[in-house]
file final.txt (compact mmCIF, C-alpha atoms)
# COMPACT_ATOMS: atom_id res chain seq x y z
CA MET A 1 49.34 -31.79 34.68
CA ARG A 2 47.03 -33.88 32.47
CA THR A 3 43.98 -32.22 30.96
CA PRO A 4 40.76 -34.04 31.89
CA LEU A 5 39.15 -35.86 28.96
CA ALA A 6 35.85 -33.94 29.27
CA LEU A 7 37.69 -30.61 29.06
CA THR A 8 39.65 -31.80 26.02
CA MET A 9 36.45 -32.79 24.24
CA LEU A 10 34.84 -29.45 25.07
CA LEU A 11 37.80 -27.51 23.68
CA ALA A 12 37.71 -29.58 20.49
CA ALA A 13 34.00 -28.92 20.08
CA LEU A 14 34.52 -25.17 20.48
CA ILE A 15 37.18 -25.23 17.80
CA ILE A 16 35.12 -27.30 15.34
CA ALA A 17 31.73 -25.63 15.95
CA PRO A 18 32.31 -22.44 13.92
CA GLY A 19 33.37 -24.53 10.93
CA CYS A 20 30.28 -26.74 11.21
CA SER A 21 28.02 -23.70 11.49
CA THR A 22 29.53 -22.18 8.35
CA ALA A 23 29.13 -25.46 6.49
CA ARG A 24 25.46 -25.68 7.50
CA LYS A 25 24.85 -22.12 6.32
CA VAL A 26 26.48 -22.83 2.96
CA LYS A 27 24.45 -26.03 2.55
CA THR A 28 21.22 -24.21 3.40
CA THR A 29 22.04 -21.40 0.97
CA LEU A 30 22.75 -23.85 -1.84
CA ALA A 31 19.51 -25.73 -1.15
CA ALA A 32 17.53 -22.48 -1.07
CA ASN A 33 19.07 -21.33 -4.34
CA GLU A 34 18.27 -24.68 -5.96
CA ALA A 35 14.66 -24.44 -4.77
CA LEU A 36 14.45 -20.87 -6.06
CA VAL A 37 15.63 -21.81 -9.55
CA ALA A 38 13.49 -24.94 -9.70
CA ALA A 39 10.39 -23.09 -8.48
CA GLY A 40 10.80 -20.42 -11.12
CA ALA A 41 11.28 -23.04 -13.83
CA ALA A 42 8.18 -24.96 -12.75
CA GLU A 43 6.17 -21.74 -12.70
CA ASP A 44 7.39 -20.79 -16.18
CA ALA A 45 6.46 -24.27 -17.44
CA GLY A 46 2.93 -23.89 -16.05
CA ASP A 47 3.35 -26.68 -13.48
CA LEU A 48 1.62 -24.83 -10.66
CA GLU A 49 1.48 -27.77 -8.25
CA LYS A 50 5.22 -28.32 -8.53
CA ALA A 51 5.86 -24.59 -8.25
CA TYR A 52 3.66 -24.48 -5.15
CA GLU A 53 5.68 -27.26 -3.53
CA LEU A 54 9.03 -25.71 -4.41
CA TRP A 55 8.10 -22.16 -3.39
CA GLY A 56 6.88 -23.64 -0.12
CA ASP A 57 10.28 -25.28 0.37
CA TYR A 58 12.02 -22.02 -0.43
CA VAL A 59 9.94 -20.03 2.05
CA GLU A 60 10.67 -22.60 4.76
CA MET A 61 14.38 -22.14 4.15
CA ARG A 62 14.12 -18.38 3.68
CA PRO A 63 11.28 -17.25 5.97
CA HIS A 64 10.24 -13.62 5.71
CA GLU A 65 12.00 -13.07 2.38
CA ALA A 66 9.64 -10.76 0.50
CA ASN A 67 9.95 -12.15 -3.02
CA GLY A 68 9.54 -15.76 -1.86
CA GLU A 69 6.43 -14.93 0.16
CA TYR A 70 5.01 -13.06 -2.84
CA ARG A 71 5.74 -15.79 -5.37
CA LEU A 72 4.24 -18.45 -3.09
CA GLY A 73 1.18 -16.28 -2.50
CA ARG A 74 0.76 -15.70 -6.22
CA ILE A 75 0.82 -19.45 -6.91
CA GLU A 76 -1.66 -20.04 -4.10
CA ASN A 77 -4.00 -17.47 -5.65
CA ALA A 78 -3.73 -19.27 -8.99
CA LEU A 79 -4.56 -22.57 -7.26
CA GLY A 80 -7.56 -21.11 -5.41
CA LYS A 81 -5.86 -21.23 -2.01
CA HIS A 82 -6.78 -17.61 -1.35
CA ARG A 83 -6.64 -17.53 2.45
CA ASP A 84 -3.21 -19.12 2.45
CA ALA A 85 -2.21 -16.65 -0.27
CA ALA A 86 -3.38 -13.72 1.83
CA ASN A 87 -1.23 -14.88 4.74
CA HIS A 88 1.94 -15.00 2.66
CA LEU A 89 1.16 -11.84 0.73
CA ARG A 90 0.59 -9.90 3.96
CA ILE A 91 4.14 -10.78 4.96
CA ALA A 92 5.49 -9.68 1.57
CA HIS A 93 3.56 -6.41 1.81
CA ASP A 94 4.70 -5.79 5.38
CA LEU A 95 8.31 -6.27 4.30
CA LYS A 96 7.98 -4.05 1.20
CA PRO A 97 4.83 -1.95 1.64
CA GLY A 98 5.46 0.20 -1.42
CA ASN A 99 5.59 -2.67 -3.91
CA ILE A 100 2.53 -2.36 -6.18
CA ASP A 101 2.68 -5.99 -7.34
CA TYR A 102 2.45 -7.12 -3.72
CA ILE A 103 -0.46 -4.77 -3.02
CA GLU A 104 -2.44 -5.90 -6.04
CA GLU A 105 -1.84 -9.63 -5.51
CA LEU A 106 -2.88 -9.27 -1.87
CA ALA A 107 -6.02 -7.43 -3.01
CA VAL A 108 -6.88 -10.39 -5.26
CA ALA A 109 -6.44 -12.79 -2.35
CA LEU A 110 -8.61 -10.66 -0.05
CA ILE A 111 -11.38 -10.34 -2.65
CA ASN A 112 -11.51 -14.08 -3.24
CA SER A 113 -11.45 -14.92 0.46
CA ASP A 114 -14.27 -12.45 1.25
CA GLN A 115 -12.15 -10.22 3.47
CA GLN A 116 -13.71 -6.96 2.33
CA ASP A 117 -12.93 -4.88 5.41
CA GLU A 118 -9.23 -5.69 5.18
CA LEU A 119 -9.34 -5.07 1.42
CA LEU A 120 -10.66 -1.55 1.88
CA SER A 121 -8.20 -0.88 4.68
CA LEU A 122 -5.31 -2.01 2.48
CA LEU A 123 -6.40 0.03 -0.54
CA HIS A 124 -7.04 3.19 1.47
CA ALA A 125 -3.71 2.86 3.27
CA THR A 126 -1.85 2.48 -0.03
CA ALA A 127 -3.78 5.07 -2.04
CA ASN A 128 -0.65 7.21 -2.36
CA GLU A 129 1.54 4.36 -3.61
CA GLY A 130 2.44 4.03 -7.29
CA GLU A 131 2.24 6.56 -10.09
CA GLU A 132 0.47 9.80 -9.32
CA GLY A 133 -3.28 9.34 -9.40
CA SER A 134 -3.16 5.55 -9.62
CA GLY A 135 -3.99 4.77 -5.98
CA TYR A 136 -7.65 5.76 -6.00
CA LEU A 137 -8.13 4.17 -9.42
CA ARG A 138 -6.70 0.97 -7.95
CA LEU A 139 -9.07 1.29 -5.00
CA ALA A 140 -12.01 1.74 -7.36
CA ARG A 141 -11.02 -1.20 -9.54
CA TYR A 142 -10.69 -3.73 -6.73
CA ALA A 143 -13.68 -2.41 -4.80
CA ALA A 144 -15.79 -2.93 -7.93
CA GLN A 145 -14.40 -6.45 -8.34
CA ALA A 146 -15.48 -7.13 -4.75
CA GLY A 147 -18.98 -5.86 -5.54
CA MET A 148 -18.62 -2.72 -3.43
CA MET A 149 -19.92 -0.31 -6.05
CA ASP A 150 -20.57 2.63 -3.71
CA GLU A 151 -16.99 2.49 -2.48
CA ALA A 152 -15.73 2.18 -6.05
CA HIS A 153 -17.72 5.22 -7.16
CA GLU A 154 -16.51 7.27 -4.19
CA ALA A 155 -12.89 6.37 -5.03
CA LEU A 156 -13.42 7.44 -8.64
CA MET A 157 -14.90 10.75 -7.55
CA THR A 158 -11.82 11.30 -5.40
CA ALA A 159 -9.53 10.44 -8.31
CA VAL A 160 -11.38 12.90 -10.55
CA ALA A 161 -11.24 15.62 -7.90
CA LEU A 162 -7.50 15.14 -7.32
CA HIS A 163 -6.23 14.47 -10.83
CA GLY A 164 -9.07 15.13 -13.24
CA THR A 165 -7.57 18.35 -14.55
CA THR A 166 -4.15 16.85 -15.28
CA SER A 167 -4.94 13.41 -16.72
CA PRO A 168 -7.72 11.74 -18.70
CA ALA A 169 -7.26 8.49 -16.75
CA PRO A 170 -9.78 9.24 -13.96
CA HIS A 171 -12.41 10.24 -16.52
CA LEU A 172 -11.86 7.10 -18.60
CA ALA A 173 -12.12 4.98 -15.45
CA MET A 174 -15.34 6.80 -14.56
CA ALA A 175 -16.64 6.13 -18.08
CA ASP A 176 -15.88 2.42 -17.70
CA PHE A 177 -17.64 2.38 -14.33
CA ALA A 178 -20.67 4.16 -15.81
CA ARG A 179 -20.85 1.60 -18.61
CA GLU A 180 -20.64 -1.26 -16.14
CA THR A 181 -23.50 0.19 -14.08
CA GLY A 182 -25.64 1.06 -17.10
CA ASP A 183 -25.32 4.82 -16.76
CA SER A 184 -25.04 5.90 -20.42
CA GLU A 185 -25.39 9.62 -19.63
CA GLY A 186 -22.62 9.40 -17.05
CA GLU A 187 -20.45 7.55 -19.56
CA VAL A 188 -20.90 10.26 -22.19
CA LEU A 189 -20.09 12.99 -19.69
CA ALA A 190 -16.93 11.25 -18.51
CA LEU A 191 -15.82 10.64 -22.10
CA ARG A 192 -16.38 14.30 -22.98
CA HIS A 193 -14.11 15.26 -20.08
CA ALA A 194 -11.48 12.75 -21.23
CA LEU A 195 -11.73 14.09 -24.79
CA TRP A 196 -10.69 17.54 -23.56
CA PHE A 197 -7.10 16.28 -23.22
CA ASP A 198 -7.01 15.16 -26.86
CA PRO A 199 -10.03 16.13 -29.00
CA ALA A 200 -8.76 13.90 -31.82
CA ASP A 201 -8.55 10.71 -29.72
CA THR A 202 -10.10 8.12 -32.06
CA GLY A 203 -10.83 5.60 -29.30
CA ILE A 204 -12.83 8.06 -27.23
CA LEU A 205 -14.64 9.40 -30.31
CA ALA A 206 -15.60 5.84 -31.31
CA ARG A 207 -17.04 5.15 -27.86
CA ILE A 208 -19.04 8.37 -27.99
CA ARG A 209 -20.48 7.43 -31.40
CA GLU A 210 -21.43 4.01 -30.01
CA LEU A 211 -23.52 5.84 -27.43
CA GLY A 212 -25.44 7.67 -30.15
CA VAL A 213 -23.72 11.02 -29.85
CA ILE A 214 -22.42 12.74 -32.98
CA PRO A 215 -19.04 14.36 -32.32
CA GLY A 216 -18.81 18.10 -32.92
CA PRO A 217 -16.42 20.95 -32.18
CA SER A 218 -18.00 21.63 -28.78
CA LEU A 219 -18.05 18.00 -27.65
CA ALA A 220 -14.85 18.10 -25.56
CA LEU A 221 -15.69 19.41 -22.10
CA ASP A 222 -13.21 21.20 -19.88
CA PRO A 223 -13.06 19.12 -16.64
CA ARG A 224 -12.34 22.26 -14.63

call {"tool": "encode", "arguments": {"input": "final.txt", "output": "structure tokens"}}
result
Amino acid sequence: MRTPLALTMLLAALIIAPGCSTARKVKTTLAANEALVAAGAAEDAGDLEKAYELWGDYVEMRPHEANGEYRLGRIENALGKHRDAANHLRIAHDLKPGNIDYIEELAVALINSDQQDELLSLLHATANEGEEGSGYLRLARYAAQAGMMDEAHEALMTAVALHGTTSPAPHLAMADFARETGDSEGEVLALRHALWFDPADTGILARIRELGVIPGPSLALDPR
């Protein structure tokens, strides 16, 4: 019995198809790898427009790959394309929510695209990410950059309350905030608390002298 021509062609296609699919996957992988290497090289060379184009190609070939979305978003931030950056960086953050680089780059995009509500939501939601005590300091830093000084001060107060007896970092951040807002008394107080961790810290002592205070044995103040 002769096999109909249409059936023969169908059987041949079924046999060949897996091989074609594998070949396409290999070709796509090679192209994506080439784009990845070229994009990194362009970025390292400072050619942001070329890097933008190549990272865009890579993301098209590798959609929802966290590093690609992040690198494209970072280039878009550098080029002033902040809303586009936010879109790609949201994907990167959703894929790897604990990555601090992704959080901070997304915060930059949100600040520069005037998305303050989402910025605060992001920073509050990730306040426990990173080294101990860093989350509320991060919240304060980016809130201040966005001009939300009340929110920044509240975050610093939380950082001091949570970690102010174990680290000078919250007190130094509070001192920087006080300087930025013109609160010299608040700056001195925060520096005195920071000095308690190391009374011989030359950097803190120099800042205190700049504020017109003469260091003495009782200058360091127990933050407890």

call {"tool": "residues_around", "arguments": {"input": "final.txt", "residues": "Ser134 (chain A)", "least_positions_apart": "5", "cutoff": "10 Å", "atoms": "only C-alpha atoms", "output": "list in words"}}
result
Ala127, Asn128, Glu129, Leu139, Ala140, Ala159, His163, Ala169 and Pro170 of chain A

call {"tool": "atom_distance", "arguments": {"input": "final.txt", "atom1": "CA of Gly46 (chain A)", "atom2": "CA of Ala109 (chain A)"}}
result
20.0 Å

call {"tool": "axis_aligned_box", "arguments": {"input": "final.txt", "around": "region 135-138 of chain A", "padding_each_side": "8 Å", "output": "lines of an AutoDock Vina configuration file"}}
result
center_x = -6.1
center_y = 3.4
center_z = -7.7
size_x = 20.1
size_y = 20.8
size_z = 19.4

call {"tool": "residues_around", "arguments": {"input": "final.txt", "residues": "region 142-155 of chain A", "least_positions_apart": "3", "cutoff": "8 Å", "atoms": "all atoms listed in the file", "output": "list in words"}}
result
Ala107, Val108, Ile111, Gln116, Leu120, Tyr136, Leu137, Arg138, Leu139, Thr158, Ala159, Met174 and Phe177 of chain A

call {"tool": "write_last_selection", "arguments": {"input": "final.txt", "atoms": "C-alpha atoms", "output": "short mmCIF file (atom, residue, chain, number, x, y, z; two decimals), keeping the file's coordinate frame"}}
result
data_model
loop_
_atom_site.label_atom_id
_atom_site.label_comp_id
_atom_site.auth_asym_id
_atom_site.auth_seq_id
_atom_site.Cartn_x
_atom_site.Cartn_y
_atom_site.Cartn_z
CA ALA A 107 -6.02 -7.43 -3.01
CA VAL A 108 -6.88 -10.39 -5.26
CA ILE A 111 -11.38 -10.34 -2.65
CA GLN A 116 -13.71 -6.96 2.33
CA LEU A 120 -10.66 -1.55 1.88
CA TYR A 136 -7.65 5.76 -6.00
CA LEU A 137 -8.13 4.17 -9.42
CA ARG A 138 -6.70 0.97 -7.95
CA LEU A 139 -9.07 1.29 -5.00
CA THR A 158 -11.82 11.30 -5.40
CA ALA A 159 -9.53 10.44 -8.31
CA MET A 174 -15.34 6.80 -14.56
CA PHE A 177 -17.64 2.38 -14.33
#

call {"tool": "atom_distance", "arguments": {"input": "final.txt", "atom1": "CA of Leu110 (chain A)", "atom2": "CA of Ala86 (chain A)"}}
result
6.3 Å

call {"tool": "closest_residue", "arguments": {"input": "final.txt", "among": "A:Arg224, A:Leu54, A:Ile214, A:Glu104", "to": "Ala42 (chain A)", "atoms": "all atoms listed in the file"}}
result
A:Leu54

call {"tool": "closest_residue", "arguments": {"input": "final.txt", "among": "A:Ala41, A:Ser121, A:Ala32, A:Asp183", "to": "Glu60 (chain A)", "atoms": "all atoms listed in the file"}}
result
A:Ala32

call {"tool": "atom_distance", "arguments": {"input": "final.txt", "atom1": "CA of Asp176 (chain A)", "atom2": "CA of Ser113 (chain A)"}}
result
25.5 Å

call {"tool": "closest_residue", "arguments": {"input": "final.txt", "among": "A:Lys96, A:Glu185, A:Glu180, A:Pro168", "to": "Ala220 (chain A)", "atoms": "only C-alpha atoms"}}
result
A:Pro168

call {"tool": "residues_near_point", "arguments": {"input": "final.txt", "point": "(11.1, -12.8, -0.2)", "cutoff": "10 Å", "atoms": "only C-alpha atoms", "output": "VMD selection string"}}
result
chain A and resid 58 to 59 62 to 72 88 91 to 92 95 to 96

call {"tool": "closest_residue", "arguments": {"input": "final.txt", "among": "A:Ala175, A:Val37, A:Leu122, A:Ala85", "to": "Gly98 (chain A)", "atoms": "all atoms listed in the file"}}
result
A:Leu122

call {"tool": "closest_residue", "arguments": {"input": "final.txt", "among": "A:Ala38, A:Val160, A:Ala45, A:Ile75", "to": "Gly135 (chain A)", "atoms": "all atoms listed in the file"}}
result
A:Val160

call {"tool": "closest_residue", "arguments": {"input": "final.txt", "among": "A:Ala173, A:Asn99, A:Leu106, A:Leu205", "to": "Glu131 (chain A)", "atoms": "only C-alpha atoms"}}
result
A:Asn99

call {"tool": "build_atoms", "arguments": {"input": "final.txt", "residues": "region 53-79 of chain A", "atoms": "N, CA, C and O atoms", "output": "PDB file, in the coordinates of the input"}}
result
ATOM      1  N   GLU A  53       4.856 -26.459  -4.443  1.00  0.00           N
ATOM      2  CA  GLU A  53       5.680 -27.260  -3.530  1.00  0.00           C
ATOM      3  C   GLU A  53       7.076 -26.636  -3.350  1.00  0.00           C
ATOM      4  O   GLU A  53       7.574 -26.510  -2.229  1.00  0.00           O
ATOM      5  N   LEU A  54       7.663 -26.231  -4.456  1.00  0.00           N
ATOM      6  CA  LEU A  54       9.030 -25.710  -4.410  1.00  0.00           C
ATOM      7  C   LEU A  54       9.097 -24.329  -3.750  1.00  0.00           C
ATOM      8  O   LEU A  54      10.037 -24.046  -2.999  1.00  0.00           O
ATOM      9  N   TRP A  55       8.110 -23.469  -4.050  1.00  0.00           N
ATOM     10  CA  TRP A  55       8.100 -22.160  -3.390  1.00  0.00           C
ATOM     11  C   TRP A  55       7.870 -22.333  -1.882  1.00  0.00           C
ATOM     12  O   TRP A  55       8.405 -21.578  -1.068  1.00  0.00           O
ATOM     13  N   GLY A  56       7.070 -23.347  -1.537  1.00  0.00           N
ATOM     14  CA  GLY A  56       6.880 -23.640  -0.120  1.00  0.00           C
ATOM     15  C   GLY A  56       8.187 -24.047   0.543  1.00  0.00           C
ATOM     16  O   GLY A  56       8.503 -23.611   1.669  1.00  0.00           O
ATOM     17  N   ASP A  57       8.970 -24.880  -0.162  1.00  0.00           N
ATOM     18  CA  ASP A  57      10.280 -25.280   0.370  1.00  0.00           C
ATOM     19  C   ASP A  57      11.190 -24.057   0.526  1.00  0.00           C
ATOM     20  O   ASP A  57      11.892 -23.915   1.533  1.00  0.00           O
ATOM     21  N   TYR A  58      11.160 -23.201  -0.467  1.00  0.00           N
ATOM     22  CA  TYR A  58      12.020 -22.020  -0.430  1.00  0.00           C
ATOM     23  C   TYR A  58      11.662 -21.115   0.751  1.00  0.00           C
ATOM     24  O   TYR A  58      12.548 -20.623   1.462  1.00  0.00           O
ATOM     25  N   VAL A  59      10.374 -20.900   0.956  1.00  0.00           N
ATOM     26  CA  VAL A  59       9.940 -20.030   2.050  1.00  0.00           C
ATOM     27  C   VAL A  59      10.293 -20.643   3.409  1.00  0.00           C
ATOM     28  O   VAL A  59      10.628 -19.916   4.349  1.00  0.00           O
ATOM     29  N   GLU A  60      10.252 -21.965   3.503  1.00  0.00           N
ATOM     30  CA  GLU A  60      10.670 -22.600   4.760  1.00  0.00           C
ATOM     31  C   GLU A  60      12.143 -22.343   5.036  1.00  0.00           C
ATOM     32  O   GLU A  60      12.547 -22.140   6.188  1.00  0.00           O
ATOM     33  N   MET A  61      12.954 -22.368   3.975  1.00  0.00           N
ATOM     34  CA  MET A  61      14.380 -22.140   4.150  1.00  0.00           C
ATOM     35  C   MET A  61      14.734 -20.655   4.257  1.00  0.00           C
ATOM     36  O   MET A  61      15.755 -20.285   4.840  1.00  0.00           O
ATOM     37  N   ARG A  62      13.897 -19.815   3.664  1.00  0.00           N
ATOM     38  CA  ARG A  62      14.120 -18.380   3.680  1.00  0.00           C
ATOM     39  C   ARG A  62      12.863 -17.663   4.183  1.00  0.00           C
ATOM     40  O   ARG A  62      12.201 -16.951   3.442  1.00  0.00           O
ATOM     41  N   PRO A  63      12.499 -17.884   5.446  1.00  0.00           N
ATOM     42  CA  PRO A  63      11.280 -17.250   5.970  1.00  0.00           C
ATOM     43  C   PRO A  63      11.414 -15.729   5.974  1.00  0.00           C
ATOM     44  O   PRO A  63      12.495 -15.183   6.185  1.00  0.00           O
ATOM     45  N   HIS A  64      10.305 -15.085   5.701  1.00  0.00           N
ATOM     46  CA  HIS A  64      10.240 -13.620   5.710  1.00  0.00           C
ATOM     47  C   HIS A  64      11.178 -12.993   4.668  1.00  0.00           C
ATOM     48  O   HIS A  64      11.744 -11.932   4.893  1.00  0.00           O
ATOM     49  N   GLU A  65      11.319 -13.655   3.534  1.00  0.00           N
ATOM     50  CA  GLU A  65      12.000 -13.070   2.380  1.00  0.00           C
ATOM     51  C   GLU A  65      10.901 -12.638   1.426  1.00  0.00           C
ATOM     52  O   GLU A  65      10.086 -13.449   0.981  1.00  0.00           O
ATOM     53  N   ALA A  66      10.827 -11.344   1.136  1.00  0.00           N
ATOM     54  CA  ALA A  66       9.640 -10.760   0.500  1.00  0.00           C
ATOM     55  C   ALA A  66       9.279 -11.418  -0.826  1.00  0.00           C
ATOM     56  O   ALA A  66       8.116 -11.771  -1.066  1.00  0.00           O
ATOM     57  N   ASN A  67      10.261 -11.603  -1.701  1.00  0.00           N
ATOM     58  CA  ASN A  67       9.950 -12.150  -3.020  1.00  0.00           C
ATOM     59  C   ASN A  67       9.430 -13.578  -2.922  1.00  0.00           C
ATOM     60  O   ASN A  67       8.496 -13.963  -3.638  1.00  0.00           O
ATOM     61  N   GLY A  68      10.016 -14.377  -2.037  1.00  0.00           N
ATOM     62  CA  GLY A  68       9.540 -15.760  -1.860  1.00  0.00           C
ATOM     63  C   GLY A  68       8.113 -15.810  -1.355  1.00  0.00           C
ATOM     64  O   GLY A  68       7.295 -16.599  -1.846  1.00  0.00           O
ATOM     65  N   GLU A  69       7.802 -14.974  -0.371  1.00  0.00           N
ATOM     66  CA  GLU A  69       6.430 -14.930   0.160  1.00  0.00           C
ATOM     67  C   GLU A  69       5.449 -14.508  -0.942  1.00  0.00           C
ATOM     68  O   GLU A  69       4.352 -15.057  -1.059  1.00  0.00           O
ATOM     69  N   TYR A  70       5.875 -13.531  -1.744  1.00  0.00           N
ATOM     70  CA  TYR A  70       5.010 -13.060  -2.840  1.00  0.00           C
ATOM     71  C   TYR A  70       4.803 -14.130  -3.896  1.00  0.00           C
ATOM     72  O   TYR A  70       3.665 -14.374  -4.324  1.00  0.00           O
ATOM     73  N   ARG A  71       5.869 -14.797  -4.306  1.00  0.00           N
ATOM     74  CA  ARG A  71       5.740 -15.790  -5.370  1.00  0.00           C
ATOM     75  C   ARG A  71       4.906 -16.978  -4.896  1.00  0.00           C
ATOM     76  O   ARG A  71       4.089 -17.521  -5.660  1.00  0.00           O
ATOM     77  N   LEU A  72       5.073 -17.373  -3.636  1.00  0.00           N
ATOM     78  CA  LEU A  72       4.240 -18.450  -3.090  1.00  0.00           C
ATOM     79  C   LEU A  72       2.788 -18.006  -3.028  1.00  0.00           C
ATOM     80  O   LEU A  72       1.877 -18.753  -3.418  1.00  0.00           O
ATOM     81  N   GLY A  73       2.548 -16.787  -2.566  1.00  0.00           N
ATOM     82  CA  GLY A  73       1.180 -16.280  -2.500  1.00  0.00           C
ATOM     83  C   GLY A  73       0.527 -16.192  -3.866  1.00  0.00           C
ATOM     84  O   GLY A  73      -0.664 -16.490  -4.024  1.00  0.00           O
ATOM     85  N   ARG A  74       1.305 -15.798  -4.872  1.00  0.00           N
ATOM     86  CA  ARG A  74       0.760 -15.700  -6.220  1.00  0.00           C
ATOM     87  C   ARG A  74       0.347 -17.067  -6.755  1.00  0.00           C
ATOM     88  O   ARG A  74      -0.719 -17.210  -7.369  1.00  0.00           O
ATOM     89  N   ILE A  75       1.172 -18.083  -6.498  1.00  0.00           N
ATOM     90  CA  ILE A  75       0.820 -19.450  -6.910  1.00  0.00           C
ATOM     91  C   ILE A  75      -0.414 -19.928  -6.163  1.00  0.00           C
ATOM     92  O   ILE A  75      -1.309 -20.561  -6.749  1.00  0.00           O
ATOM     93  N   GLU A  76      -0.486 -19.632  -4.884  1.00  0.00           N
ATOM     94  CA  GLU A  76      -1.660 -20.040  -4.100  1.00  0.00           C
ATOM     95  C   GLU A  76      -2.924 -19.373  -4.623  1.00  0.00           C
ATOM     96  O   GLU A  76      -3.987 -20.006  -4.679  1.00  0.00           O
ATOM     97  N   ASN A  77      -2.838 -18.119  -5.024  1.00  0.00           N
ATOM     98  CA  ASN A  77      -4.000 -17.470  -5.650  1.00  0.00           C
ATOM     99  C   ASN A  77      -4.413 -18.213  -6.908  1.00  0.00           C
ATOM    100  O   ASN A  77      -5.603 -18.447  -7.147  1.00  0.00           O
ATOM    101  N   ALA A  78      -3.442 -18.576  -7.734  1.00  0.00           N
ATOM    102  CA  ALA A  78      -3.730 -19.270  -8.990  1.00  0.00           C
ATOM    103  C   ALA A  78      -4.364 -20.637  -8.736  1.00  0.00           C
ATOM    104  O   ALA A  78      -5.165 -21.116  -9.552  1.00  0.00           O
ATOM    105  N   LEU A  79      -4.023 -21.257  -7.604  1.00  0.00           N
ATOM    106  CA  LEU A  79      -4.560 -22.570  -7.260  1.00  0.00           C
ATOM    107  C   LEU A  79      -5.858 -22.488  -6.456  1.00  0.00           C
ATOM    108  O   LEU A  79      -6.415 -23.510  -6.071  1.00  0.00           O
TER     109      LEU A  79
END
